[in-house]
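Everything below concerns the one structure shown next.
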Amino acid sequence: MKHMEAEPEDIITDATLRVAQAAGQQPDSGLKPIKRLISEDRLSRIVPETQTTMQLSFSTTFVRDFVRADYSFCSAKFSVSRGGKVKAIDEAFRHAEAWFEGAHRWADRLEKRTIPLQYHKRELLLTHALSGRLLRLLRHYDTLSGKLTFALMVNSVDGLSRDNALGAAGHHIAAIHALCMPDNDQFQPDGTRRGADQ
């Protein structure tokens, strides 16, 4: 097998590297530098369908962590989703919304004792209709958590049942976040994932 030698201009010598590092520079490799975008940066580069803000009040760690880590990512992905991916995300929203409706009916029947909860506020940008639906789900989670906490105070629900219900609530929201990750071409027109039946 013939050994191919690199052209002189393709070689970055140790001496060149040391000189560049001493000058506080990186040697020119000819490649464009990679700039990683955090979710907020990615969202700011999207041309929005809407340009409104909404103030979210919440008292739970789940909502706080989701808003910090995942909300902007999901909003950016909503704005660029097309075809089967939009259908899949919409279906996940429908399942989540129906589940929360049933969970609230159950929680409303429980005896409760209201206690003060500490609420935090965060103003969020809505660039897509699905972003508004996501914020409504986060509010549903927070409201359900409050109802179950109040019920726990009078033992009309036990701690395990409360944790299981909130775990299921978080799972429905996390399922939407998971659908945002694959690209549009990973979905069939009917909303199913390509290769899911293999």
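The way I read the labels, and the way they are meant: chains A, B, ... in the order of the structure tokens, residue 1 as the first residue of every chain, and ligand 1 as the first ligand shown, with later ones counted on from there.
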Hey, what's within 12 Å of Cys180 of chain A if we count only C-alpha atoms and toss same-chain stuff fewer than 3 positions away? As a ChimeraX atom specification, please?
/A:70-82,84-90,92,130-131,173-177,183-184,186-187
Could you list, with a cut-off of 12 Å and counting only C-alpha atoms, the residues of segment 83-123 of chain A near segment 62-65 of chain A, each shown with its nearest atom pair and the distance in Å rounded to one decimal, rows sorted by chain and ascending number, as CSV?
residue,atom,partner,partner_atom,distance
A:Tyr119,CA,A:Arg64,CA,10.4
A:His120,CA,A:Arg64,CA,8.5
A:Lys121,CA,A:Arg64,CA,9.5
A:Arg122,CA,A:Arg64,CA,9.1
Write the residues of the preceding selection, restricted to all heavy atoms, as a PDB file, in the first residue's frame.
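Okay, part.pdb is ready:
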ATOM      1  N   TYR A 119     -44.041  30.754  45.706  1.00  0.00           N
ATOM      2  CA  TYR A 119     -44.100  30.780  44.244  1.00  0.00           C
ATOM      3  C   TYR A 119     -42.981  31.642  43.664  1.00  0.00           C
ATOM      4  O   TYR A 119     -42.564  32.631  44.269  1.00  0.00           O
ATOM      5  CB  TYR A 119     -45.461  31.327  43.771  1.00  0.00           C
ATOM      6  CG  TYR A 119     -46.569  30.310  43.887  1.00  0.00           C
ATOM      7  CD1 TYR A 119     -47.288  30.184  45.067  1.00  0.00           C
ATOM      8  CD2 TYR A 119     -46.881  29.464  42.825  1.00  0.00           C
ATOM      9  CE1 TYR A 119     -48.298  29.233  45.194  1.00  0.00           C
ATOM     10  CE2 TYR A 119     -47.891  28.526  42.934  1.00  0.00           C
ATOM     11  CZ  TYR A 119     -48.592  28.412  44.114  1.00  0.00           C
ATOM     12  OH  TYR A 119     -49.577  27.472  44.225  1.00  0.00           O
ATOM     13  N   HIS A 120     -42.521  31.230  42.510  1.00  0.00           N
ATOM     14  CA  HIS A 120     -41.520  31.980  41.761  1.00  0.00           C
ATOM     15  C   HIS A 120     -42.137  32.383  40.427  1.00  0.00           C
ATOM     16  O   HIS A 120     -43.073  31.741  39.948  1.00  0.00           O
ATOM     17  CB  HIS A 120     -40.274  31.125  41.535  1.00  0.00           C
ATOM     18  CG  HIS A 120     -39.699  30.573  42.794  1.00  0.00           C
ATOM     19  ND1 HIS A 120     -38.838  31.286  43.598  1.00  0.00           N
ATOM     20  CD2 HIS A 120     -39.881  29.382  43.411  1.00  0.00           C
ATOM     21  CE1 HIS A 120     -38.507  30.560  44.648  1.00  0.00           C
ATOM     22  NE2 HIS A 120     -39.134  29.387  44.561  1.00  0.00           N
ATOM     23  N   LYS A 121     -41.609  33.425  39.822  1.00  0.00           N
ATOM     24  CA  LYS A 121     -42.133  33.902  38.545  1.00  0.00           C
ATOM     25  C   LYS A 121     -41.014  33.970  37.516  1.00  0.00           C
ATOM     26  O   LYS A 121     -39.879  34.316  37.832  1.00  0.00           O
ATOM     27  CB  LYS A 121     -42.792  35.277  38.703  1.00  0.00           C
ATOM     28  CG  LYS A 121     -44.042  35.256  39.556  1.00  0.00           C
ATOM     29  CD  LYS A 121     -44.685  36.629  39.652  1.00  0.00           C
ATOM     30  CE  LYS A 121     -45.952  36.573  40.501  1.00  0.00           C
ATOM     31  NZ  LYS A 121     -46.608  37.900  40.599  1.00  0.00           N
ATOM     32  N   ARG A 122     -41.380  33.645  36.287  1.00  0.00           N
ATOM     33  CA  ARG A 122     -40.404  33.702  35.193  1.00  0.00           C
ATOM     34  C   ARG A 122     -41.137  34.134  33.931  1.00  0.00           C
ATOM     35  O   ARG A 122     -42.173  33.573  33.585  1.00  0.00           O
ATOM     36  CB  ARG A 122     -39.775  32.317  34.998  1.00  0.00           C
ATOM     37  CG  ARG A 122     -38.778  32.193  33.872  1.00  0.00           C
ATOM     38  CD  ARG A 122     -37.397  32.653  34.297  1.00  0.00           C
ATOM     39  NE  ARG A 122     -36.474  32.537  33.183  1.00  0.00           N
ATOM     40  CZ  ARG A 122     -35.676  31.488  32.986  1.00  0.00           C
ATOM     41  NH1 ARG A 122     -35.701  30.462  33.812  1.00  0.00           N
ATOM     42  NH2 ARG A 122     -34.840  31.470  31.971  1.00  0.00           N
TER      43      ARG A 122
END
Option closest in space to Val154 of chain A, from A:Arg139, A:Arg193, A:Lys112, A:His128 [counting only C-alpha atoms]
A:Lys112
With a distance cut-off of 10 Å and only C-alpha atoms, select the neighbouring residues of His140 of chain A, excluding the residue or stretch itself and same-chain residues fewer than 6 positions from it, and output the selection as a list in words.
Glu97, Phe100, Glu101, Ala103, His104, Leu134, Gly146 and Ala169 of chain A
Set out as a Markdown table a contact list for segment 123-187 of chain A and segment 55-61 of chain A with a cut-off of 9 Å, giving each residue of segment 123-187 of chain A that qualifies its closest atom pair and distance in Å to one decimal, counting only C-alpha atoms, ordered by chain and rising residue number.
| residue | atom | partner | partner_atom | distance |
| --- | --- | --- | --- | --- |
| A:Glu123 | CA | A:Gln55 | CA | 4.2 |
| A:Leu124 | CA | A:Gln55 | CA | 6.2 |
| A:Leu125 | CA | A:Gln55 | CA | 8.9 |
| A:Leu135 | CA | A:Leu56 | CA | 7.5 |
| A:Leu138 | CA | A:Phe58 | CA | 8.4 |
| A:Arg139 | CA | A:Phe58 | CA | 7.2 |
| A:Tyr141 | CA | A:Thr60 | CA | 8.5 |
| A:Asp142 | CA | A:Phe58 | CA | 6.1 |
| A:Thr143 | CA | A:Phe58 | CA | 8.5 |
| A:Ser145 | CA | A:Thr60 | CA | 7.5 |
| A:Gly146 | CA | A:Ser59 | CA | 8.3 |
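For segment 21-195 of chain A, the set of residues given strand (DSSP E or B) by DSSP on the backbone reads Thr52, Thr53, Met54, Gln55, Leu56, Ser57, Phe58, His120, Lys121, Arg122, Glu123, Leu124, Leu125, Leu126, Phe187 and Arg193 of chain A.
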